[in-house]
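Next comes run22.tsv, a file with TSV, C-alpha atoms and all ligand atoms.
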chain	number	residue	atom	x	y	z
C	3	MET	CA	-49.50	-12.71	-12.03
C	4	GLN	CA	-46.53	-15.04	-12.32
C	5	ASN	CA	-43.49	-13.44	-13.89
C	6	ARG	CA	-43.00	-15.24	-17.22
C	7	LEU	CA	-39.78	-13.57	-18.32
C	8	ASN	CA	-37.50	-15.93	-20.23
C	9	ARG	CA	-33.68	-15.75	-19.82
C	10	ARG	CA	-33.31	-13.07	-22.51
C	11	GLY	CA	-36.15	-11.08	-20.94
C	12	PHE	CA	-34.61	-11.55	-17.51
C	13	LEU	CA	-31.23	-10.34	-18.76
C	14	SER	CA	-32.68	-7.25	-20.43
C	15	ALA	CA	-34.77	-6.49	-17.33
C	16	THR	CA	-31.62	-6.82	-15.22
C	17	ALA	CA	-29.66	-4.67	-17.66
C	18	ALA	CA	-32.40	-2.02	-17.53
C	19	ALA	CA	-32.44	-2.15	-13.72
C	20	SER	CA	-28.62	-1.89	-13.68
C	21	LEU	CA	-28.75	1.11	-16.02
C	22	ALA	CA	-31.25	2.79	-13.71
C	23	THR	CA	-28.77	2.46	-10.82
C	24	LEU	CA	-26.46	4.90	-12.61
C	25	ALA	CA	-28.85	7.68	-11.61
C	26	VAL	CA	-28.87	6.68	-7.92
C	27	GLY	CA	-26.74	9.22	-6.07
C	28	ALA	CA	-26.06	11.41	-9.13
C	29	ALA	CA	-26.39	15.18	-8.66
C	30	PRO	CA	-28.77	17.31	-10.78
C	31	PRO	CA	-27.09	19.17	-13.67
C	32	ARG	CA	-25.99	22.77	-13.12
C	33	PRO	CA	-25.51	25.70	-15.52
C	34	LEU	CA	-22.35	25.51	-17.61
C	35	GLY	CA	-19.24	27.48	-16.69
C	36	ALA	CA	-16.61	29.06	-18.93
C	37	ARG	CA	-13.75	26.52	-18.61
C	38	ARG	CA	-12.81	24.12	-21.38
C	39	PRO	CA	-13.87	20.60	-20.32
C	40	LEU	CA	-11.42	17.72	-20.49
C	41	VAL	CA	-11.62	13.94	-20.18
C	42	VAL	CA	-8.67	11.55	-19.98
C	43	SER	CA	-9.18	7.78	-20.09
C	44	SER	CA	-7.35	4.51	-20.38
C	45	ASN	CA	-10.19	3.38	-22.66
C	46	PRO	CA	-11.30	5.60	-25.59
C	47	ASN	CA	-14.80	4.11	-25.47
C	48	ALA	CA	-15.50	5.99	-22.23
C	49	LEU	CA	-14.63	9.43	-23.61
C	50	GLU	CA	-17.65	10.47	-25.73
C	51	LYS	CA	-20.30	9.67	-23.09
C	52	THR	CA	-18.34	11.38	-20.31
C	53	MET	CA	-17.83	14.52	-22.41
C	54	GLU	CA	-21.46	14.54	-23.64
C	55	LEU	CA	-22.73	14.55	-20.03
C	56	ILE	CA	-20.24	17.21	-18.91
C	57	LYS	CA	-21.54	19.41	-21.73
C	58	GLN	CA	-25.05	18.85	-20.35
C	59	GLY	CA	-23.92	20.25	-16.99
C	60	LEU	CA	-23.45	16.99	-15.09
C	61	ASP	CA	-21.03	16.77	-12.21
C	62	PRO	CA	-17.65	15.53	-13.54
C	63	LEU	CA	-17.73	12.45	-11.29
C	64	ASP	CA	-21.26	11.51	-12.37
C	65	ALA	CA	-20.25	11.95	-16.02
C	66	ALA	CA	-17.14	9.79	-15.51
C	67	ILE	CA	-19.19	7.05	-13.81
C	68	ALA	CA	-21.53	7.00	-16.84
C	69	GLY	CA	-18.52	6.76	-19.20
C	70	VAL	CA	-16.98	3.93	-17.17
C	71	ALA	CA	-20.37	2.15	-17.10
C	72	ILE	CA	-20.04	1.56	-20.87
C	73	ILE	CA	-16.85	-0.41	-20.24
C	74	GLU	CA	-18.34	-2.17	-17.19
C	75	ALA	CA	-21.20	-3.44	-19.39
C	76	ASP	CA	-19.00	-4.45	-22.34
C	77	PRO	CA	-18.85	-8.29	-22.56
C	78	ASN	CA	-15.78	-8.09	-24.82
C	79	ASP	CA	-13.60	-6.30	-22.26
C	80	HIS	CA	-12.12	-9.06	-20.13
C	81	SER	CA	-10.61	-6.74	-17.54
C	82	VAL	CA	-13.66	-4.85	-16.28
C	83	GLY	CA	-17.22	-5.65	-15.14
C	84	TYR	CA	-19.43	-7.98	-17.24
C	85	GLY	CA	-17.16	-10.42	-19.08
C	86	GLY	CA	-14.21	-9.58	-16.81
C	87	LEU	CA	-12.11	-12.65	-16.07
C	88	PRO	CA	-12.93	-14.34	-12.78
C	89	ASN	CA	-10.86	-15.46	-9.81
C	90	GLU	CA	-9.33	-18.95	-9.69
C	91	ASP	CA	-12.69	-20.38	-8.54
C	92	GLY	CA	-14.53	-18.95	-11.56
C	93	VAL	CA	-16.19	-16.09	-9.66
C	94	VAL	CA	-15.95	-12.49	-10.94
C	95	GLU	CA	-14.89	-10.12	-8.16
C	96	LEU	CA	-14.85	-6.40	-8.97
C	97	ASP	CA	-12.99	-3.44	-7.45
C	98	ALA	CA	-13.89	0.22	-8.05
C	99	ALA	CA	-13.32	3.64	-6.54
C	100	VAL	CA	-14.38	7.23	-7.16
C	101	MET	CA	-13.16	10.65	-6.04
C	102	HIS	CA	-15.06	13.93	-6.21
C	103	GLY	CA	-13.08	17.15	-6.51
C	104	PRO	CA	-15.40	19.79	-5.02
C	105	THR	CA	-15.97	17.82	-1.77
C	106	HIS	CA	-12.69	15.87	-1.73
C	107	GLY	CA	-14.99	12.89	-1.19
C	108	GLY	CA	-14.03	9.34	-2.03
C	109	GLY	CA	-15.70	5.94	-1.94
C	110	ALA	CA	-14.82	2.42	-2.99
C	111	VAL	CA	-15.95	-1.18	-3.13
C	112	ALA	CA	-13.66	-4.20	-3.34
C	113	SER	CA	-14.22	-7.88	-4.13
C	114	ILE	CA	-17.87	-7.15	-4.90
C	115	ARG	CA	-19.68	-9.93	-6.78
C	116	ASN	CA	-22.72	-9.95	-9.10
C	117	ILE	CA	-23.03	-6.17	-9.51
C	118	LEU	CA	-22.67	-4.70	-13.02
C	119	HIS	CA	-21.75	-1.13	-12.04
C	120	PRO	CA	-19.39	-1.19	-9.04
C	121	ALA	CA	-18.25	2.41	-9.63
C	122	ALA	CA	-21.83	3.61	-9.06
C	123	VAL	CA	-21.86	1.64	-5.80
C	124	ALA	CA	-18.55	3.32	-4.85
C	125	ARG	CA	-20.27	6.71	-5.33
C	126	LEU	CA	-22.99	5.58	-2.91
C	127	VAL	CA	-20.36	4.52	-0.35
C	128	MET	CA	-19.17	8.13	-0.60
C	129	LYS	CA	-22.64	9.69	-0.53
C	130	ARG	CA	-24.72	7.36	1.65
C	131	SER	CA	-22.27	6.09	4.26
C	132	LYS	CA	-19.63	7.53	6.56
C	133	HIS	CA	-17.02	5.17	5.11
C	134	CYS	CA	-14.56	5.12	2.23
C	135	LEU	CA	-14.30	1.39	1.45
C	136	ILE	CA	-16.71	-1.54	1.80
C	137	THR	CA	-15.72	-5.05	0.70
C	138	ALA	CA	-17.12	-8.38	-0.47
C	139	GLU	CA	-20.42	-9.57	1.05
C	140	GLY	CA	-20.92	-6.25	2.87
C	141	ALA	CA	-20.48	-4.35	-0.40
C	142	LEU	CA	-22.99	-6.62	-2.16
C	143	ARG	CA	-25.55	-6.12	0.61
C	144	PHE	CA	-24.93	-2.35	0.53
C	145	ALA	CA	-25.48	-2.32	-3.25
C	146	LYS	CA	-28.67	-4.40	-3.03
C	147	ALA	CA	-30.00	-2.14	-0.27
C	148	HIS	CA	-29.80	0.71	-2.79
C	149	GLY	CA	-31.63	-1.22	-5.51
C	150	PHE	CA	-28.71	-2.63	-7.50
C	151	PRO	CA	-29.83	-5.95	-9.08
C	152	GLU	CA	-27.61	-9.04	-8.90
C	153	MET	CA	-26.53	-10.68	-12.13
C	154	ASP	CA	-24.04	-13.31	-13.30
C	155	LEU	CA	-21.03	-11.39	-14.62
C	156	MET	CA	-19.54	-14.39	-16.48
C	157	THR	CA	-20.18	-14.50	-20.22
C	158	GLU	CA	-19.99	-17.66	-22.29
C	159	GLU	CA	-16.59	-16.50	-23.56
C	160	SER	CA	-15.15	-15.62	-20.14
C	161	ARG	CA	-16.40	-18.97	-18.79
C	162	LYS	CA	-14.56	-20.78	-21.63
C	163	ILE	CA	-11.36	-18.81	-20.98
C	164	TRP	CA	-11.53	-19.56	-17.25
C	165	LEU	CA	-12.31	-23.26	-17.90
C	166	ARG	CA	-9.28	-23.59	-20.17
C	167	TRP	CA	-7.09	-21.90	-17.54
C	168	LYS	CA	-8.51	-24.19	-14.83
C	169	GLU	CA	-7.89	-27.32	-16.90
C	170	LYS	CA	-4.29	-26.28	-17.50
C	171	HIS	CA	-3.65	-25.54	-13.82
C	172	SER	CA	-5.20	-28.61	-12.24
C	173	GLU	CA	-3.79	-32.11	-11.85
C	174	ASP	CA	-7.29	-33.56	-11.89
C	175	TRP	CA	-9.11	-31.82	-14.74
C	176	LEU	CA	-8.41	-33.12	-18.24
C	177	SER	CA	-7.77	-30.45	-20.82
C	178	GLN	CA	-8.89	-30.52	-24.46
C	179	PRO	CA	-6.22	-30.53	-27.19
C	180	ASP	CA	-5.41	-26.99	-28.46
C	181	GLY	CA	-7.00	-27.77	-31.84
C	182	GLN	CA	-10.41	-28.22	-30.20
C	183	VAL	CA	-10.27	-24.94	-28.30
C	184	ASP	CA	-11.65	-21.65	-29.63
C	185	PRO	CA	-8.56	-19.75	-30.98
C	186	LYS	CA	-9.83	-16.58	-29.26
C	187	VAL	CA	-9.61	-18.40	-25.92
C	188	LEU	CA	-6.03	-19.50	-26.64
C	189	GLU	CA	-5.10	-15.96	-27.73
C	190	THR	CA	-6.55	-14.39	-24.58
C	191	LEU	CA	-4.59	-16.79	-22.40
C	192	LYS	CA	-1.23	-15.83	-23.95
C	193	THR	CA	-0.87	-12.98	-21.43
C	194	ARG	CA	-2.25	-12.57	-17.93
C	195	ILE	CA	-4.91	-9.87	-18.04
C	196	HIS	CA	-4.82	-7.15	-15.42
C	197	GLY	CA	-6.43	-4.32	-17.36
C	198	THR	CA	-8.67	-1.72	-15.81
C	199	VAL	CA	-10.55	1.43	-16.84
C	200	HIS	CA	-9.68	4.83	-15.44
C	201	VAL	CA	-11.39	8.14	-16.27
C	202	SER	CA	-10.35	11.57	-15.00
C	203	ALA	CA	-12.73	14.41	-15.93
C	204	MET	CA	-12.84	18.20	-15.59
C	205	ASP	CA	-16.10	20.09	-16.09
C	206	THR	CA	-16.74	23.61	-17.38
C	207	HIS	CA	-16.23	25.01	-13.84
C	208	GLY	CA	-12.77	23.42	-13.60
C	209	ASP	CA	-14.04	20.86	-11.07
C	210	LEU	CA	-12.59	17.36	-11.13
C	211	GLY	CA	-13.90	13.83	-10.75
C	212	CYS	CA	-12.28	10.44	-11.28
C	213	VAL	CA	-13.17	6.75	-11.39
C	214	THR	CA	-11.25	3.48	-11.60
C	215	SER	CA	-13.05	0.16	-12.14
C	216	THR	CA	-11.70	-3.36	-12.73
C	217	SER	CA	-12.21	-7.09	-12.44
C	218	GLY	CA	-8.59	-7.20	-11.26
C	219	LEU	CA	-5.94	-9.74	-11.99
C	220	ALA	CA	-7.33	-12.68	-13.99
C	221	PHE	CA	-7.59	-15.94	-12.02
C	222	LYS	CA	-6.54	-14.21	-8.80
C	223	ILE	CA	-6.69	-15.82	-5.38
C	224	PRO	CA	-10.28	-15.22	-4.20
C	225	GLY	CA	-10.40	-12.03	-2.16
C	226	ARG	CA	-7.26	-10.51	-3.73
C	227	ILE	CA	-7.73	-6.75	-3.94
C	228	GLY	CA	-5.60	-4.59	-6.22
C	229	ASP	CA	-4.93	-0.87	-6.36
C	230	SER	CA	-8.16	0.18	-8.12
C	231	PRO	CA	-10.33	0.55	-5.00
C	232	ILE	CA	-7.55	2.07	-2.90
C	233	LEU	CA	-7.69	5.87	-2.84
C	234	GLY	CA	-4.17	7.16	-3.46
C	235	ALA	CA	-3.03	3.99	-5.26
C	236	GLY	CA	-5.30	3.32	-8.29
C	237	LEU	CA	-6.57	6.92	-8.46
C	238	TYR	CA	-6.32	10.23	-6.67
C	239	LEU	CA	-7.35	13.83	-7.13
C	240	ASP	CA	-7.20	17.16	-5.44
C	241	ASN	CA	-9.53	19.78	-6.89
C	242	THR	CA	-6.82	22.45	-6.53
C	243	VAL	CA	-4.10	20.35	-8.22
C	244	GLY	CA	-5.25	17.65	-10.66
C	245	SER	CA	-6.50	14.11	-11.10
C	246	CYS	CA	-4.90	10.83	-12.12
C	247	GLY	CA	-5.30	7.08	-12.12
C	248	SER	CA	-3.65	3.88	-13.16
C	249	THR	CA	-4.00	0.57	-14.97
C	250	GLY	CA	-1.63	-2.38	-14.81
C	251	LEU	CA	-0.32	-4.49	-11.95
C	252	GLY	CA	-1.98	-3.08	-8.85
C	253	GLU	CA	0.48	-4.40	-6.29
C	254	VAL	CA	3.20	-1.99	-7.44
C	255	ASN	CA	0.86	0.98	-6.92
C	256	LEU	CA	-0.20	-0.30	-3.50
C	257	LEU	CA	3.46	-0.43	-2.53
C	258	ASN	CA	4.11	3.13	-3.68
C	259	CYS	CA	0.79	5.01	-3.24
C	260	SER	CA	1.51	6.02	-6.83
C	261	SER	CA	-1.49	8.18	-7.71
C	262	TYR	CA	-1.08	10.19	-4.50
C	263	LEU	CA	2.64	10.49	-5.26
C	264	ILE	CA	1.87	12.00	-8.69
C	265	ILE	CA	-0.66	14.55	-7.41
C	266	GLU	CA	1.69	15.57	-4.59
C	267	GLY	CA	4.52	15.93	-7.11
C	268	ILE	CA	2.39	18.33	-9.16
C	269	ARG	CA	1.44	20.21	-5.97
C	270	ARG	CA	5.16	20.69	-5.25
C	271	GLY	CA	5.65	22.22	-8.70
C	272	GLU	CA	6.63	19.30	-10.91
C	273	HIS	CA	5.25	19.25	-14.45
C	274	ILE	CA	2.60	16.49	-14.66
C	275	LYS	CA	4.70	14.42	-17.07
C	276	ASP	CA	7.73	14.68	-14.76
C	277	ALA	CA	5.59	13.75	-11.75
C	278	MET	CA	4.42	10.61	-13.58
C	279	VAL	CA	7.91	9.70	-14.80
C	280	ASN	CA	9.23	10.18	-11.25
C	281	ALA	CA	6.50	7.87	-9.92
C	282	CYS	CA	7.49	5.24	-12.52
C	283	LYS	CA	11.15	5.58	-11.48
C	284	ARG	CA	10.18	5.20	-7.82
C	285	ILE	CA	8.19	2.06	-8.65
C	286	ILE	CA	11.13	0.58	-10.58
C	287	GLU	CA	13.52	1.42	-7.76
C	288	THR	CA	11.38	-0.07	-4.99
C	289	THR	CA	9.85	-3.08	-6.68
C	290	THR	CA	13.06	-4.41	-8.19
C	291	ARG	CA	14.21	-4.96	-4.58
C	292	ASP	CA	11.45	-7.57	-4.33
C	293	PRO	CA	11.95	-10.84	-6.25
C	294	ARG	CA	8.19	-11.13	-6.75
C	295	PHE	CA	8.28	-8.19	-9.16
C	296	ARG	CA	11.57	-8.60	-11.05
C	297	ASN	CA	12.60	-10.89	-13.87
C	298	ALA	CA	15.84	-12.87	-14.32
C	299	GLU	CA	17.63	-9.70	-15.50
C	300	GLY	CA	16.55	-7.83	-12.37
C	301	LYS	CA	14.14	-5.66	-14.40
C	302	PRO	CA	10.44	-5.04	-13.68
C	303	ALA	CA	8.34	-8.09	-14.54
C	304	PHE	CA	5.12	-6.09	-14.82
C	305	GLY	CA	3.42	-3.29	-16.70
C	306	VAL	CA	1.81	-0.18	-15.26
C	307	ASN	CA	0.32	2.97	-16.85
C	308	PHE	CA	-0.69	6.39	-15.54
C	309	TYR	CA	-3.18	8.87	-17.01
C	310	GLY	CA	-4.04	12.29	-15.69
C	311	MET	CA	-4.62	16.02	-15.95
C	312	THR	CA	-3.80	19.14	-13.99
C	313	LYS	CA	-6.26	21.74	-12.80
C	314	GLU	CA	-4.84	23.99	-15.58
C	315	GLY	CA	-5.80	21.42	-18.24
C	316	GLU	CA	-2.41	19.87	-19.01
C	317	VAL	CA	-2.59	16.13	-19.71
C	318	ALA	CA	0.05	13.41	-19.52
C	319	GLY	CA	0.56	9.67	-19.38
C	320	ALA	CA	3.55	7.56	-18.41
C	321	CYS	CA	4.18	3.85	-18.32
C	322	ILE	CA	6.56	1.07	-17.42
C	323	GLY	CA	6.68	-1.86	-19.81
C	324	GLY	CA	4.65	-0.31	-22.59
C	325	GLY	CA	4.46	2.72	-24.84
C	326	GLY	CA	2.29	4.14	-27.61
C	327	THR	CA	-0.54	6.55	-27.05
C	328	PHE	CA	-3.74	7.02	-25.07
C	329	SER	CA	-6.84	9.08	-25.80
C	330	ILE	CA	-8.28	12.27	-24.39
C	331	HIS	CA	-11.35	14.38	-25.24
C	332	ASP	CA	-10.75	18.13	-25.10
C	333	GLY	CA	-14.33	19.20	-25.83
C	334	ASP	CA	-13.75	19.44	-29.61
C	335	GLY	CA	-12.91	15.81	-30.22
C	336	ILE	CA	-10.76	12.81	-29.36
C	337	LYS	CA	-6.99	13.31	-29.53
C	338	GLN	CA	-4.05	10.96	-29.03
C	339	VAL	CA	-1.35	11.69	-26.47
C	340	ASP	CA	2.02	9.91	-26.30
C	341	PHE	CA	2.94	7.99	-23.17
C	342	ALA	CA	6.29	8.79	-21.62
C	343	ALA	CA	7.76	5.27	-21.56
C	344	VAL	CA	10.09	4.69	-18.61
C	345	ARG	CA	12.61	1.88	-18.94
C	346	ALA	CA	14.58	0.22	-16.16
C	401	LIG	N1	-4.83	-2.45	-11.62
C	401	LIG	C1	-5.79	-3.46	-11.45
C	401	LIG	C2	-5.39	-4.52	-10.52
C	401	LIG	O1	-4.22	-4.81	-10.36
C	401	LIG	O2	-6.27	-5.11	-9.93
Same coordinates, now as C-alpha cells:
Amino acid sequence: MQNRLNRRGFLSATAAASLATLAVGAAPPRPLGARRPLVVSSNPNALEKTMELIKQGLDPLDAAIAGVAIIEADPNDHSVGYGGLPNEDGVVELDAAVMHGPTHGGGAVASIRNILHPAAVARLVMKRSKHCLITAEGALRFAKAHGFPEMDLMTEESRKIWLRWKEKHSEDWLSQPDGQVDPKVLETLKTRIHGTVHVSAMDTHGDLGCVTSTSGLAFKIPGRIGDSPILGAGLYLDNTVGSCGSTGLGEVNLLNCSSYLIIEGIRRGEHIKDAMVNACKRIIETTTRDPRFRNAEGKPAFGVNFYGMTKEGEVAGACIGGGGTFSIHDGDGIKQVDFAAVRA
C-alpha cells in the first residue's frame, strides 16, 4: 500500500526511527556497583537522563550518548544537532566524538549531514569499524548502513537566521530592514555561535565515558571541522585518570590538544582545576602569537570552556573569556560548580 504519511507524520516517523538508533551499539545494562555516580555537562538538560540511565546500570558512554541526544534533538539549541546553525551555504554539518573508559575506545564523525544523532554514529565508528574518525559523505553512508534515517536538520528558525546572515554578507542578496525581521533572529546574530554539548560520566563501577557533539561554528566554510570530533582536543578520557571535554572556539583546542593536556596534567599529579587552568594559560600563551586569535589589545579574541572529573570524583571547570557556573549531577541532584575564569 502506498505510504500516505503527511509531513508531520513523516517527521514523527523519522524522529521515532532516529530515537531507535540510540539503541544501536549500546551495551546491555549490568548490575550496579558501589561507587557514587557522577555526570558533568556543559548543558544541564543532559544531566537527568544520563544519571537516570547510569542508575539503571547502563554503560557510562551509552548513558552520556542518551543525555546528549536530548540536546541534539532540541530545535531551540542553535549550536548542536537539529536547529544547529548551518554552514555558509545553509547546510547543517555536525561533528561528534565519543570515548569509552573501560576499553579506551574512541570514535568520531565530522561534517556529517542529515543525521540527528551524530554521537550515536560516533559510537558505531568505535564499535563497528577499525577506525576512529569518518567524515562527510562517508560518515553519512556509514550511518545509513546502520539504519540511521536522513532528515533535514534546519528548522524554520535556523533557516531564517541563516537567511538574514546570508543577506547581510552578500553583495547580491537584498536584505530586509531590521524592523521587518523577527527580533529573535536579530538577537541570535549579535554573537557568532560556536556552542557545543559535552558530557563526561562515571558509573557506579567508577568507569568513565564521554561525548562531545556540535554543529560547529555558525556559517562556517563548508567542510570546516572543529575540535569536537578530534580525540584529545574536544574531549579525552583515561579510565585510570579522569574525563574532560570542551566547548567554545575549536581551533584553539586543535592547536593545543587541550583535553589530552588536561588529562595528562592530572596523571602527573596536578589537581584537576590546576590542570584546566594550566591548559587555559597554555592556550592564551600560544594563540596570542597568532593574529587570527587575538584582538587589538593582543588579548584572546575567543571563548573556550572546559568541564571534567577525575577518577576519584573531583569535578572542575575552567574558562577563558567567560565565568559563572556549570552544572553537575552527583547522584542526589543537580549542583552548580564555579568556573575558574582565566584572564589574559
Ligand atoms: N567547539 C566547537 C567548534 O569549534 O566546532
Can I get the residues close to ligand LIG 401 (chain C) as a PyMOL selection string, where close means within 8 Å and we count all atoms listed in the file?
chain C and resi 97+196-198+216-219+227-230+236+248-253+306
Could you work out an axis-aligned box for stretch 73-90 of chain C, taking every atom the file lists and adding 5 Å on each side, and report centre and edge lengths in Å to one decimal, as AutoDock Vina command-line options?
--center_x -15.3 --center_y -9.7 --center_z -17.3 --size_x 21.9 --size_y 28.5 --size_z 25.1
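Taking atom CA of C:Val26 and atom CA of C:Ile232 as the two end points, the separation is 22.4 Å.
Near C:Glu314, within 10 Å and counting only C-alpha atoms, sit C:Arg37, C:Arg38, C:Met204, C:Gly208, C:Thr242, C:Val243, C:Gly244, C:Met311, C:Thr312, C:Glu316, C:Val317; same-chain residues fewer than 2 positions away were not included.
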Need the neighbours of (-20.8, -9.3, -17.7): which residues are at most 6 Å away, counting all atoms listed in the file, as a PyMOL selection string?
chain C and resi 77+83-85+155-157
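When the distance limit is 10 Å and all atoms listed in the file are what count, the residues near C:Pro302, minus those fewer than 4 positions from it on the same chain, are C:Ile285, C:Ile286, C:Glu287, C:Thr289, C:Thr290, C:Arg291, C:Asp292, C:Pro293, C:Arg294, C:Phe295, C:Arg296, C:Asn297, C:Ala298, C:Ile322, C:Gly323, C:Arg345, C:Ala346.
Atom pair atom CA of C:Asp240 / atom CA of C:Ile265: separated by 7.3 Å.
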